[in-house]
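Asker: Contents of target07.cif (mmCIF, C-alpha atoms, pLDDT in the B column; chains and numbers go by the auth columns) are given next:
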data_coords
#
loop_
_atom_site.group_PDB
_atom_site.id
_atom_site.type_symbol
_atom_site.label_atom_id
_atom_site.label_comp_id
_atom_site.label_asym_id
_atom_site.label_seq_id
_atom_site.Cartn_x
_atom_site.Cartn_y
_atom_site.Cartn_z
_atom_site.B_iso_or_equiv
_atom_site.auth_seq_id
_atom_site.auth_asym_id
ATOM 1 C CA MET A 1 -0.763 25.326 11.206 79.00 1 A
ATOM 2 C CA ARG A 2 1.285 25.746 14.384 88.00 2 A
ATOM 3 C CA ILE A 3 1.907 28.927 16.378 92.00 3 A
ATOM 4 C CA LEU A 4 4.296 29.575 19.262 95.00 4 A
ATOM 5 C CA VAL A 5 3.148 32.031 21.952 95.00 5 A
ATOM 6 C CA VAL A 6 5.854 33.269 24.354 96.00 6 A
ATOM 7 C CA GLU A 7 4.150 35.316 27.074 94.00 7 A
ATOM 8 C CA ASP A 8 4.599 35.303 30.859 93.00 8 A
ATOM 9 C CA ASP A 9 1.292 37.022 31.669 92.00 9 A
ATOM 10 C CA LEU A 10 -1.080 34.085 32.181 92.00 10 A
ATOM 11 C CA LYS A 11 -4.247 35.999 31.308 92.00 11 A
ATOM 12 C CA ILE A 12 -2.827 37.379 28.059 92.00 12 A
ATOM 13 C CA ALA A 13 -1.271 34.026 27.155 92.00 13 A
ATOM 14 C CA GLN A 14 -4.578 32.228 27.707 92.00 14 A
ATOM 15 C CA PHE A 15 -6.515 34.911 25.809 91.00 15 A
ATOM 16 C CA VAL A 16 -4.209 34.630 22.783 92.00 16 A
ATOM 17 C CA THR A 17 -4.001 30.831 22.925 92.00 17 A
ATOM 18 C CA ASP A 18 -7.770 30.349 23.155 90.00 18 A
ATOM 19 C CA GLY A 19 -8.382 32.716 20.246 90.00 19 A
ATOM 20 C CA LEU A 20 -5.786 31.087 17.995 91.00 20 A
ATOM 21 C CA GLN A 21 -7.054 27.585 18.792 89.00 21 A
ATOM 22 C CA GLN A 22 -10.608 28.646 17.974 86.00 22 A
ATOM 23 C CA ALA A 23 -9.269 29.954 14.637 86.00 23 A
ATOM 24 C CA GLY A 24 -7.916 26.484 13.897 85.00 24 A
ATOM 25 C CA PHE A 25 -4.259 26.770 14.930 87.00 25 A
ATOM 26 C CA VAL A 26 -2.284 24.392 17.101 87.00 26 A
ATOM 27 C CA VAL A 27 -0.622 26.514 19.793 90.00 27 A
ATOM 28 C CA ASP A 28 2.445 25.870 21.938 92.00 28 A
ATOM 29 C CA ARG A 29 3.024 28.188 24.919 93.00 29 A
ATOM 30 C CA ALA A 30 6.150 29.224 26.772 94.00 30 A
ATOM 31 C CA ALA A 31 6.161 31.333 29.943 93.00 31 A
ATOM 32 C CA ASP A 32 9.767 32.535 29.708 95.00 32 A
ATOM 33 C CA GLY A 33 12.323 33.374 27.060 93.00 33 A
ATOM 34 C CA GLU A 34 14.564 30.358 27.585 95.00 34 A
ATOM 35 C CA ILE A 35 11.742 27.882 27.039 95.00 35 A
ATOM 36 C CA GLY A 36 10.557 29.938 24.086 94.00 36 A
ATOM 37 C CA LEU A 37 14.018 29.851 22.518 94.00 37 A
ATOM 38 C CA ASP A 38 14.284 26.106 23.028 93.00 38 A
ATOM 39 C CA LEU A 39 10.898 25.471 21.404 93.00 39 A
ATOM 40 C CA ALA A 40 11.488 27.859 18.516 92.00 40 A
ATOM 41 C CA SER A 41 14.917 26.317 17.877 90.00 41 A
ATOM 42 C CA THR A 42 13.769 22.693 17.869 88.00 42 A
ATOM 43 C CA GLU A 43 10.182 22.768 16.555 87.00 43 A
ATOM 44 C CA SER A 44 8.722 24.020 13.292 85.00 44 A
ATOM 45 C CA TYR A 45 6.241 26.918 13.558 90.00 45 A
ATOM 46 C CA ASP A 46 4.319 28.899 10.976 89.00 46 A
ATOM 47 C CA ALA A 47 4.547 32.024 13.172 92.00 47 A
ATOM 48 C CA ALA A 48 5.446 33.144 16.694 94.00 48 A
ATOM 49 C CA VAL A 49 3.922 35.751 19.020 95.00 49 A
ATOM 50 C CA ILE A 50 6.576 36.946 21.474 94.00 50 A
ATOM 51 C CA ASP A 51 6.362 39.388 24.380 92.00 51 A
ATOM 52 C CA ILE A 52 9.365 41.655 25.019 90.00 52 A
ATOM 53 C CA MET A 53 9.427 41.653 28.825 89.00 53 A
ATOM 54 C CA LEU A 54 10.053 37.980 29.611 93.00 54 A
ATOM 55 C CA PRO A 55 11.745 36.202 32.532 94.00 55 A
ATOM 56 C CA LYS A 56 15.185 34.604 32.011 94.00 56 A
ATOM 57 C CA LEU A 57 15.594 35.864 28.425 93.00 57 A
ATOM 58 C CA ASP A 58 13.915 38.962 27.016 91.00 58 A
ATOM 59 C CA GLY A 59 11.963 38.788 23.761 89.00 59 A
ATOM 60 C CA LEU A 60 14.348 40.901 21.693 90.00 60 A
ATOM 61 C CA THR A 61 17.336 38.759 22.641 91.00 61 A
ATOM 62 C CA LEU A 62 15.289 35.648 21.903 93.00 62 A
ATOM 63 C CA ILE A 63 14.517 36.911 18.386 91.00 63 A
ATOM 64 C CA GLU A 64 18.131 37.925 17.775 89.00 64 A
ATOM 65 C CA LYS A 65 19.313 34.444 18.771 90.00 65 A
ATOM 66 C CA LEU A 66 16.814 32.823 16.413 89.00 66 A
ATOM 67 C CA ARG A 67 17.952 34.962 13.498 87.00 67 A
ATOM 68 C CA HIS A 68 21.607 34.176 14.277 85.00 68 A
ATOM 69 C CA GLN A 69 20.630 30.500 13.984 85.00 69 A
ATOM 70 C CA ASN A 70 19.105 31.249 10.564 82.00 70 A
ATOM 71 C CA ILE A 71 15.619 30.493 11.879 85.00 71 A
ATOM 72 C CA TYR A 72 13.242 32.819 10.060 85.00 72 A
ATOM 73 C CA THR A 73 9.892 31.948 11.611 88.00 73 A
ATOM 74 C CA PRO A 74 7.685 35.057 11.197 90.00 74 A
ATOM 75 C CA VAL A 75 7.494 36.891 14.544 91.00 75 A
ATOM 76 C CA ILE A 76 5.013 39.379 15.976 92.00 76 A
ATOM 77 C CA ILE A 77 6.236 41.278 19.025 90.00 77 A
ATOM 78 C CA LEU A 78 3.753 42.052 21.797 88.00 78 A
ATOM 79 C CA SER A 79 4.741 44.963 24.007 83.00 79 A
ATOM 80 C CA ALA A 80 3.358 47.608 26.330 81.00 80 A
ATOM 81 C CA LYS A 81 6.082 49.927 24.994 72.00 81 A
ATOM 82 C CA GLN A 82 4.495 52.239 22.460 66.00 82 A
ATOM 83 C CA SER A 83 7.208 54.720 21.486 71.00 83 A
ATOM 84 C CA VAL A 84 8.506 54.900 17.922 71.00 84 A
ATOM 85 C CA ALA A 85 12.020 54.100 19.178 75.00 85 A
ATOM 86 C CA ASP A 86 10.801 50.912 20.865 71.00 86 A
ATOM 87 C CA ARG A 87 8.963 49.787 17.729 74.00 87 A
ATOM 88 C CA VAL A 88 11.968 50.530 15.549 77.00 88 A
ATOM 89 C CA ARG A 89 14.291 48.600 17.862 77.00 89 A
ATOM 90 C CA GLY A 90 11.896 45.667 17.873 70.00 90 A
ATOM 91 C CA LEU A 91 11.799 45.526 14.089 74.00 91 A
ATOM 92 C CA GLN A 92 15.562 45.941 13.827 76.00 92 A
ATOM 93 C CA THR A 93 16.152 42.824 15.911 77.00 93 A
ATOM 94 C CA GLY A 94 14.548 40.719 13.188 81.00 94 A
ATOM 95 C CA SER A 95 10.870 40.696 14.107 84.00 95 A
ATOM 96 C CA ASP A 96 8.307 41.043 11.330 85.00 96 A
ATOM 97 C CA ASP A 97 5.565 43.005 13.097 87.00 97 A
ATOM 98 C CA TYR A 98 4.955 44.900 16.353 86.00 98 A
ATOM 99 C CA LEU A 99 1.665 45.095 18.246 87.00 99 A
ATOM 100 C CA THR A 100 1.236 47.219 21.361 86.00 100 A
ATOM 101 C CA LYS A 101 -0.817 46.235 24.411 86.00 101 A
ATOM 102 C CA PRO A 102 -3.738 46.408 24.929 85.00 102 A
ATOM 103 C CA PHE A 103 -4.807 44.971 21.588 86.00 103 A
ATOM 104 C CA ALA A 104 -7.885 43.489 19.931 89.00 104 A
ATOM 105 C CA PHE A 105 -7.566 39.798 19.179 91.00 105 A
ATOM 106 C CA ALA A 106 -9.088 40.318 15.717 91.00 106 A
ATOM 107 C CA GLU A 107 -6.135 42.545 14.832 90.00 107 A
ATOM 108 C CA LEU A 108 -3.605 40.048 16.170 91.00 108 A
ATOM 109 C CA LEU A 109 -5.230 37.240 14.173 91.00 109 A
ATOM 110 C CA ALA A 110 -5.242 39.337 10.995 90.00 110 A
ATOM 111 C CA ARG A 111 -1.537 40.106 11.457 89.00 111 A
ATOM 112 C CA VAL A 112 -0.686 36.450 12.107 90.00 112 A
ATOM 113 C CA GLN A 113 -2.550 35.416 8.967 87.00 113 A
ATOM 114 C CA ALA A 114 -0.803 38.132 6.938 86.00 114 A
ATOM 115 C CA LEU A 115 2.626 36.955 8.127 84.00 115 A
ATOM 116 C CA ILE A 116 1.809 33.351 7.261 82.00 116 A
ATOM 117 C CA ARG A 117 0.679 34.394 3.773 77.00 117 A
ATOM 118 C CA ARG A 118 3.938 36.272 3.378 73.00 118 A
ATOM 119 C CA GLY A 119 5.781 33.262 4.771 60.00 119 A
ATOM 120 C CA PRO A 120 9.400 32.782 5.835 54.00 120 A
ATOM 121 C CA ALA A 121 12.192 32.328 3.360 44.00 121 A
ATOM 122 C CA PRO A 122 11.874 30.001 1.567 45.00 122 A
ATOM 123 C CA VAL A 123 8.074 30.328 1.277 41.00 123 A
ATOM 124 C CA GLN A 124 6.240 27.197 2.317 48.00 124 A
ATOM 125 C CA ALA A 125 3.746 25.503 -0.001 56.00 125 A
ATOM 126 C CA SER A 126 0.247 26.907 0.497 69.00 126 A
ATOM 127 C CA ARG A 127 -1.627 23.977 -1.053 81.00 127 A
ATOM 128 C CA LEU A 128 -1.793 20.303 -0.071 87.00 128 A
ATOM 129 C CA THR A 129 -3.014 17.636 -2.480 90.00 129 A
ATOM 130 C CA VAL A 130 -3.661 13.928 -1.942 90.00 130 A
ATOM 131 C CA GLY A 131 -5.343 12.319 -4.944 89.00 131 A
ATOM 132 C CA ASP A 132 -8.450 14.353 -5.767 90.00 132 A
ATOM 133 C CA LEU A 133 -8.473 15.954 -2.297 93.00 133 A
ATOM 134 C CA THR A 134 -7.066 19.493 -2.171 93.00 134 A
ATOM 135 C CA MET A 135 -6.550 21.906 0.719 91.00 135 A
ATOM 136 C CA ASP A 136 -5.709 25.591 0.285 87.00 136 A
ATOM 137 C CA LEU A 137 -3.977 26.674 3.506 80.00 137 A
ATOM 138 C CA LEU A 138 -4.469 30.384 2.845 74.00 138 A
ATOM 139 C CA SER A 139 -8.140 30.495 1.847 81.00 139 A
ATOM 140 C CA ARG A 140 -8.826 27.453 4.093 85.00 140 A
ATOM 141 C CA GLU A 141 -10.858 25.904 1.287 91.00 141 A
ATOM 142 C CA VAL A 142 -11.046 22.123 0.919 94.00 142 A
ATOM 143 C CA THR A 143 -12.313 20.394 -2.208 94.00 143 A
ATOM 144 C CA ARG A 144 -12.566 16.804 -3.389 93.00 144 A
ATOM 145 C CA ASN A 145 -12.953 16.187 -7.092 90.00 145 A
ATOM 146 C CA GLY A 146 -13.964 19.851 -7.402 90.00 146 A
ATOM 147 C CA ARG A 147 -16.672 19.619 -4.730 92.00 147 A
ATOM 148 C CA LYS A 148 -16.261 22.067 -1.850 94.00 148 A
ATOM 149 C CA ILE A 149 -16.161 20.543 1.630 94.00 149 A
ATOM 150 C CA ASP A 150 -17.028 22.726 4.624 94.00 150 A
ATOM 151 C CA LEU A 151 -14.949 21.966 7.715 92.00 151 A
ATOM 152 C CA ASN A 152 -14.906 23.537 11.153 90.00 152 A
ATOM 153 C CA PRO A 153 -11.488 24.662 12.486 87.00 153 A
ATOM 154 C CA ARG A 154 -10.751 21.427 14.367 87.00 154 A
ATOM 155 C CA GLU A 155 -11.701 19.264 11.381 91.00 155 A
ATOM 156 C CA PHE A 156 -9.534 21.425 9.129 91.00 156 A
ATOM 157 C CA THR A 157 -6.543 21.068 11.467 88.00 157 A
ATOM 158 C CA LEU A 158 -6.971 17.296 11.635 90.00 158 A
ATOM 159 C CA LEU A 159 -7.243 16.972 7.859 93.00 159 A
ATOM 160 C CA GLU A 160 -4.165 19.156 7.372 90.00 160 A
ATOM 161 C CA TYR A 161 -2.200 16.900 9.728 89.00 161 A
ATOM 162 C CA LEU A 162 -3.400 13.738 7.973 91.00 162 A
ATOM 163 C CA MET A 163 -2.637 15.178 4.526 90.00 163 A
ATOM 164 C CA ARG A 164 0.867 16.201 5.556 86.00 164 A
ATOM 165 C CA ASN A 165 1.361 12.590 6.700 87.00 165 A
ATOM 166 C CA ALA A 166 -0.572 10.852 3.908 87.00 166 A
ATOM 167 C CA GLY A 167 0.125 7.126 3.804 87.00 167 A
ATOM 168 C CA ARG A 168 1.476 7.145 7.347 88.00 168 A
ATOM 169 C CA VAL A 169 -0.492 5.641 10.228 90.00 169 A
ATOM 170 C CA ILE A 170 -1.126 8.309 12.895 89.00 170 A
ATOM 171 C CA SER A 171 -1.872 7.289 16.477 88.00 171 A
ATOM 172 C CA LYS A 172 -4.547 8.842 18.698 85.00 172 A
ATOM 173 C CA THR A 173 -1.835 10.289 20.952 83.00 173 A
ATOM 174 C CA MET A 174 -0.181 12.017 17.987 82.00 174 A
ATOM 175 C CA ILE A 175 -3.521 13.490 16.918 85.00 175 A
ATOM 176 C CA LEU A 176 -4.279 14.707 20.443 82.00 176 A
ATOM 177 C CA ASP A 177 -0.899 16.432 20.601 75.00 177 A
ATOM 178 C CA GLN A 178 -0.989 17.983 17.128 75.00 178 A
ATOM 179 C CA VAL A 179 -4.670 18.890 16.821 77.00 179 A
ATOM 180 C CA TRP A 180 -5.563 19.850 20.394 73.00 180 A
ATOM 181 C CA GLY A 181 -2.071 20.981 21.397 64.00 181 A
ATOM 182 C CA TYR A 182 -2.344 19.595 24.937 57.00 182 A
ATOM 183 C CA HIS A 183 -2.807 16.214 26.552 54.00 183 A
ATOM 184 C CA PHE A 184 -6.053 14.335 27.052 57.00 184 A
ATOM 185 C CA ASP A 185 -6.434 10.880 28.495 59.00 185 A
ATOM 186 C CA PRO A 186 -5.399 8.649 25.530 57.00 186 A
ATOM 187 C CA GLN A 187 -8.512 6.558 26.236 62.00 187 A
ATOM 188 C CA THR A 188 -10.832 9.486 25.471 70.00 188 A
ATOM 189 C CA ASN A 189 -13.059 9.132 22.414 82.00 189 A
ATOM 190 C CA VAL A 190 -12.697 12.736 21.184 85.00 190 A
ATOM 191 C CA VAL A 191 -10.354 11.578 18.391 87.00 191 A
ATOM 192 C CA ASP A 192 -12.756 8.849 17.240 88.00 192 A
ATOM 193 C CA VAL A 193 -15.616 11.351 17.140 91.00 193 A
ATOM 194 C CA LEU A 194 -13.606 13.921 15.188 91.00 194 A
ATOM 195 C CA VAL A 195 -12.290 11.346 12.693 93.00 195 A
ATOM 196 C CA CYS A 196 -15.829 10.040 12.185 93.00 196 A
ATOM 197 C CA ARG A 197 -17.119 13.545 11.421 94.00 197 A
ATOM 198 C CA LEU A 198 -14.243 14.190 9.040 94.00 198 A
ATOM 199 C CA ARG A 199 -14.699 10.832 7.285 93.00 199 A
ATOM 200 C CA ASN A 200 -18.388 11.594 6.700 94.00 200 A
ATOM 201 C CA LYS A 201 -17.448 14.864 5.045 94.00 201 A
ATOM 202 C CA ILE A 202 -14.589 13.790 2.771 94.00 202 A
ATOM 203 C CA ASP A 203 -15.608 10.214 1.921 92.00 203 A
ATOM 204 C CA LYS A 204 -19.417 10.327 1.776 88.00 204 A
ATOM 205 C CA GLY A 205 -20.607 10.034 -1.804 87.00 205 A
ATOM 206 C CA PHE A 206 -17.264 8.780 -3.133 88.00 206 A
ATOM 207 C CA SER A 207 -16.565 5.156 -4.042 85.00 207 A
ATOM 208 C CA ASP A 208 -12.878 5.476 -3.094 88.00 208 A
ATOM 209 C CA LYS A 209 -12.537 5.954 0.654 91.00 209 A
ATOM 210 C CA MET A 210 -9.506 7.883 1.869 92.00 210 A
ATOM 211 C CA THR A 211 -9.760 7.770 5.670 93.00 211 A
ATOM 212 C CA HIS A 212 -9.030 4.395 7.230 92.00 212 A
ATOM 213 C CA THR A 213 -8.965 3.075 10.793 90.00 213 A
ATOM 214 C CA ILE A 214 -6.105 0.722 11.628 89.00 214 A
ATOM 215 C CA ARG A 215 -7.495 -1.154 14.597 86.00 215 A
ATOM 216 C CA GLY A 216 -5.388 -0.786 17.728 83.00 216 A
ATOM 217 C CA VAL A 217 -2.936 1.549 15.976 87.00 217 A
ATOM 218 C CA GLY A 218 -4.573 4.710 14.674 89.00 218 A
ATOM 219 C CA TYR A 219 -5.722 6.306 11.435 92.00 219 A
ATOM 220 C CA VAL A 220 -4.333 6.884 7.975 92.00 220 A
ATOM 221 C CA LEU A 221 -5.272 9.023 4.983 93.00 221 A
ATOM 222 C CA ARG A 222 -4.336 7.189 1.796 87.00 222 A
ATOM 223 C CA LEU A 223 -5.403 6.388 -1.736 78.00 223 A
ATOM 224 C CA PRO A 224 -6.772 2.896 -2.373 63.00 224 A
ATOM 225 C CA GLU A 225 -3.614 1.801 -4.204 57.00 225 A
ATOM 226 C CA GLN A 226 -1.249 2.985 -1.452 52.00 226 A
ATOM 227 C CA SER A 227 0.311 0.379 0.812 46.00 227 A
ATOM 228 C CA LEU A 228 0.806 0.913 4.541 46.00 228 A
ATOM 229 C CA SER A 229 4.514 0.132 4.465 40.00 229 A
#
Can you give me the file's structure in the form of structure tokens?
Answerer:
Amino acid sequence: MRILVVEDDLKIAQFVTDGLQQAGFVVDRAADGEIGLDLASTESYDAAVIDIMLPKLDGLTLIEKLRHQNIYTPVIILSAKQSVADRVRGLQTGSDDYLTKPFAFAELLARVQALIRRGPAPVQASRLTVGDLTMDLLSREVTRNGRKIDLNPREFTLLEYLMRNAGRVISKTMILDQVWGYHFDPQTNVVDVLVCRLRNKIDKGFSDKMTHTIRGVGYVLRLPEQSLS
């Protein structure tokens, strides 16, 4: 799942980003309202965390512009303003929740997860299925042929990406961008290591292998009868 964080305070932005990534989310960051608006208007996000006091374009105006474009990504406002009037105004602009600074990350994470469960309109599917492999995006439970598979957050994010693109060959660069959310040297072996760990968990003990390496191209999750066309 992908989250947008729009925050100009570097320490807060890094704190939120690190926590969300450790929880298994892919995070995009914007340091001002204009960049945040551009990202939120052109990319698909499961939720957004937006500060009010932003350079170039304030958070409330950003949210209003998104809603005028019929973009209903769930939004949590972050703000140092704590008055009832400020919270009411924030919610009236089209945000879904309001969290005042300072805040505990555990509370922010719980609110993000609650908004994703509630979902935008229309509600997105909460379950992915490829053959006998099933992923519940809300409970974060993965099973294959009824057998539960325990994945760490990075493995879960990779499998989600592969399942959403089942039958499609995914390059290392695409995985680096979608799973890590920032750029590594494309020659790094972190992708190979992660795919190997994931393959051992979802294919071990099954005669039909689902994860395949396409030499020199990338990886694909597919059923044995699926072609690569």
Asker: Find the residues near Pro55 (chain A): any atom within 10 Å, counting only C-alpha atoms, skip ones fewer than 3 places away on the same chain, and give them as a compact mmCIF listing (two decimals) with C-alpha atoms, in the coordinates of the input.
Answerer:
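Saved file selection_19.txt follows:
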# COMPACT_ATOMS: atom_id res chain seq x y z
CA GLU A 7 4.15 35.32 27.07
CA ASP A 8 4.60 35.30 30.86
CA ALA A 31 6.16 31.33 29.94
CA ASP A 32 9.77 32.53 29.71
CA GLY A 33 12.32 33.37 27.06
CA GLU A 34 14.56 30.36 27.58
CA ILE A 35 11.74 27.88 27.04
CA ILE A 52 9.36 41.66 25.02
CA ASP A 58 13.92 38.96 27.02
CA GLY A 59 11.96 38.79 23.76
Asker: Do you have, as JSON lines, the list of residues of region 18-55 of chain A lying at most 9 Å from region 150-169 of chain A, each with its nearest atom pair and that distance in Å to one decimal, counting all atoms listed in the file and ordered by chain then number?
Answerer:
{"residue": "A:Gln21", "atom": "CA", "partner": "A:Pro153", "partner_atom": "CA", "distance": 8.2}
{"residue": "A:Gln22", "atom": "CA", "partner": "A:Pro153", "partner_atom": "CA", "distance": 6.8}
{"residue": "A:Ala23", "atom": "CA", "partner": "A:Pro153", "partner_atom": "CA", "distance": 6.1}
{"residue": "A:Gly24", "atom": "CA", "partner": "A:Pro153", "partner_atom": "CA", "distance": 4.3}
{"residue": "A:Phe25", "atom": "CA", "partner": "A:Thr157", "partner_atom": "CA", "distance": 7.1}
{"residue": "A:Val26", "atom": "CA", "partner": "A:Thr157", "partner_atom": "CA", "distance": 7.8}
Asker: Counting all atoms listed in the file, what is within 10 Å of region 191-195 of chain A, bar same-chain residues fewer than 2 positions away, as a short mmCIF file (atom, residue, chain, number, x, y, z; two decimals) with C-alpha atoms, in the frame of the given file?
Answerer:
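part.cif, freshly written:
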data_model
loop_
_atom_site.label_atom_id
_atom_site.label_comp_id
_atom_site.auth_asym_id
_atom_site.auth_seq_id
_atom_site.Cartn_x
_atom_site.Cartn_y
_atom_site.Cartn_z
CA ARG A 154 -10.75 21.43 14.37
CA GLU A 155 -11.70 19.26 11.38
CA LEU A 158 -6.97 17.30 11.64
CA LEU A 159 -7.24 16.97 7.86
CA SER A 171 -1.87 7.29 16.48
CA LYS A 172 -4.55 8.84 18.70
CA THR A 173 -1.84 10.29 20.95
CA ILE A 175 -3.52 13.49 16.92
CA LEU A 176 -4.28 14.71 20.44
CA VAL A 179 -4.67 18.89 16.82
CA TRP A 180 -5.56 19.85 20.39
CA PRO A 186 -5.40 8.65 25.53
CA GLN A 187 -8.51 6.56 26.24
CA THR A 188 -10.83 9.49 25.47
CA ASN A 189 -13.06 9.13 22.41
CA ARG A 197 -17.12 13.54 11.42
CA LEU A 198 -14.24 14.19 9.04
CA ARG A 199 -14.70 10.83 7.28
CA ASN A 200 -18.39 11.59 6.70
CA LYS A 201 -17.45 14.86 5.04
CA THR A 211 -9.76 7.77 5.67
CA HIS A 212 -9.03 4.39 7.23
CA THR A 213 -8.96 3.08 10.79
CA GLY A 218 -4.57 4.71 14.67
CA TYR A 219 -5.72 6.31 11.44
#
Asker: Excluding Asp97 (chain A) and residues on its chain fewer than 4 positions from it, collect all residues at most 7 Å away from it, counting all atoms listed in the file, and give them as a PDB file with C-alpha atoms, in the frame of the given file.
Answerer:
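As written to disk, part_39.pdb reads:
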ATOM      1  CA  VAL A  75       7.494  36.891  14.544  1.00 91.00           C
ATOM      2  CA  ILE A  76       5.013  39.379  15.976  1.00 92.00           C
ATOM      3  CA  ILE A  77       6.236  41.278  19.025  1.00 90.00           C
ATOM      4  CA  LEU A  91      11.799  45.526  14.089  1.00 74.00           C
TER       5      LEU A  91
END
Asker: Report, in Å to a single decimal, how far apart CA of Thr42 (chain A) and CA of Met135 (chain A) are.
Answerer: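 If I compute the distance from CA of Met135 (chain A) to CA of Thr42 (chain A), I get 26.6 Å.
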Asker: List the neighbours of Arg111 (chain A) out to 12 Å using all atoms listed in the file; skip same-chain residues closer than 5 positions along the sequence, and give me the result as a PDB file with C-alpha atoms, in the frame of the given file.
Answerer:
ATOM      1  CA  LEU A  20      -5.786  31.087  17.995  1.00 91.00           C
ATOM      2  CA  ALA A  47       4.547  32.024  13.172  1.00 92.00           C
ATOM      3  CA  ALA A  48       5.446  33.144  16.694  1.00 94.00           C
ATOM      4  CA  VAL A  49       3.922  35.751  19.020  1.00 95.00           C
ATOM      5  CA  PRO A  74       7.685  35.057  11.197  1.00 90.00           C
ATOM      6  CA  VAL A  75       7.494  36.891  14.544  1.00 91.00           C
ATOM      7  CA  ILE A  76       5.013  39.379  15.976  1.00 92.00           C
ATOM      8  CA  ILE A  77       6.236  41.278  19.025  1.00 90.00           C
ATOM      9  CA  LEU A  78       3.753  42.052  21.797  1.00 88.00           C
ATOM     10  CA  ASP A  96       8.307  41.043  11.330  1.00 85.00           C
ATOM     11  CA  ASP A  97       5.565  43.005  13.097  1.00 87.00           C
ATOM     12  CA  TYR A  98       4.955  44.900  16.353  1.00 86.00           C
ATOM     13  CA  LEU A  99       1.665  45.095  18.246  1.00 87.00           C
ATOM     14  CA  PHE A 103      -4.807  44.971  21.588  1.00 86.00           C
ATOM     15  CA  ALA A 104      -7.885  43.489  19.931  1.00 89.00           C
ATOM     16  CA  PHE A 105      -7.566  39.798  19.179  1.00 91.00           C
ATOM     17  CA  ALA A 106      -9.088  40.318  15.717  1.00 91.00           C
ATOM     18  CA  ILE A 116       1.809  33.351   7.261  1.00 82.00           C
ATOM     19  CA  ARG A 117       0.679  34.394   3.773  1.00 77.00           C
ATOM     20  CA  ARG A 118       3.938  36.272   3.378  1.00 73.00           C
TER      21      ARG A 118
END
Asker: Could you give me, as a list in words, the residues within 9 Å of Val5 (chain A), counting all atoms listed in the file and dropping anything in the same chain fewer than 5 positions from it?
Answerer: Ala13, Val16, Thr17, Val27, Asp28, Arg29, Ala30, Ala31, Gly36, Ala47, Ala48, Val49, Ile50 and Asp51 of chain A
Asker: Please output region 7-20 of chain A, rebuilt to include N, CA and C atoms, as a compact mmCIF listing (two decimals), keeping the file's coordinate frame.
Answerer:
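That gives us rebuild38.txt:
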# COMPACT_ATOMS: atom_id res chain seq x y z
N GLU A 7 4.77 34.25 26.28
CA GLU A 7 4.15 35.32 27.07
C GLU A 7 4.08 34.86 28.52
N ASP A 8 4.59 35.70 29.45
CA ASP A 8 4.60 35.30 30.86
C ASP A 8 3.34 35.72 31.61
N ASP A 9 2.54 36.62 31.05
CA ASP A 9 1.29 37.02 31.67
C ASP A 9 0.25 35.94 31.36
N LEU A 10 -0.20 35.23 32.40
CA LEU A 10 -1.08 34.08 32.18
C LEU A 10 -2.39 34.46 31.50
N LYS A 11 -2.97 35.60 31.89
CA LYS A 11 -4.25 36.00 31.31
C LYS A 11 -4.10 36.31 29.83
N ILE A 12 -3.05 37.05 29.47
CA ILE A 12 -2.83 37.38 28.06
C ILE A 12 -2.50 36.12 27.27
N ALA A 13 -1.64 35.27 27.84
CA ALA A 13 -1.27 34.03 27.16
C ALA A 13 -2.49 33.16 26.89
N GLN A 14 -3.38 33.05 27.88
CA GLN A 14 -4.58 32.23 27.71
C GLN A 14 -5.53 32.85 26.70
N PHE A 15 -5.66 34.18 26.75
CA PHE A 15 -6.52 34.91 25.81
C PHE A 15 -6.06 34.68 24.37
N VAL A 16 -4.76 34.81 24.13
CA VAL A 16 -4.21 34.63 22.78
C VAL A 16 -4.32 33.17 22.35
N THR A 17 -3.96 32.26 23.25
CA THR A 17 -4.00 30.83 22.92
C THR A 17 -5.41 30.37 22.58
N ASP A 18 -6.38 30.75 23.40
CA ASP A 18 -7.77 30.35 23.16
C ASP A 18 -8.25 30.87 21.79
N GLY A 19 -7.94 32.13 21.51
CA GLY A 19 -8.38 32.72 20.25
C GLY A 19 -7.76 32.03 19.04
N LEU A 20 -6.47 31.74 19.12
CA LEU A 20 -5.79 31.09 18.00
C LEU A 20 -6.29 29.65 17.81
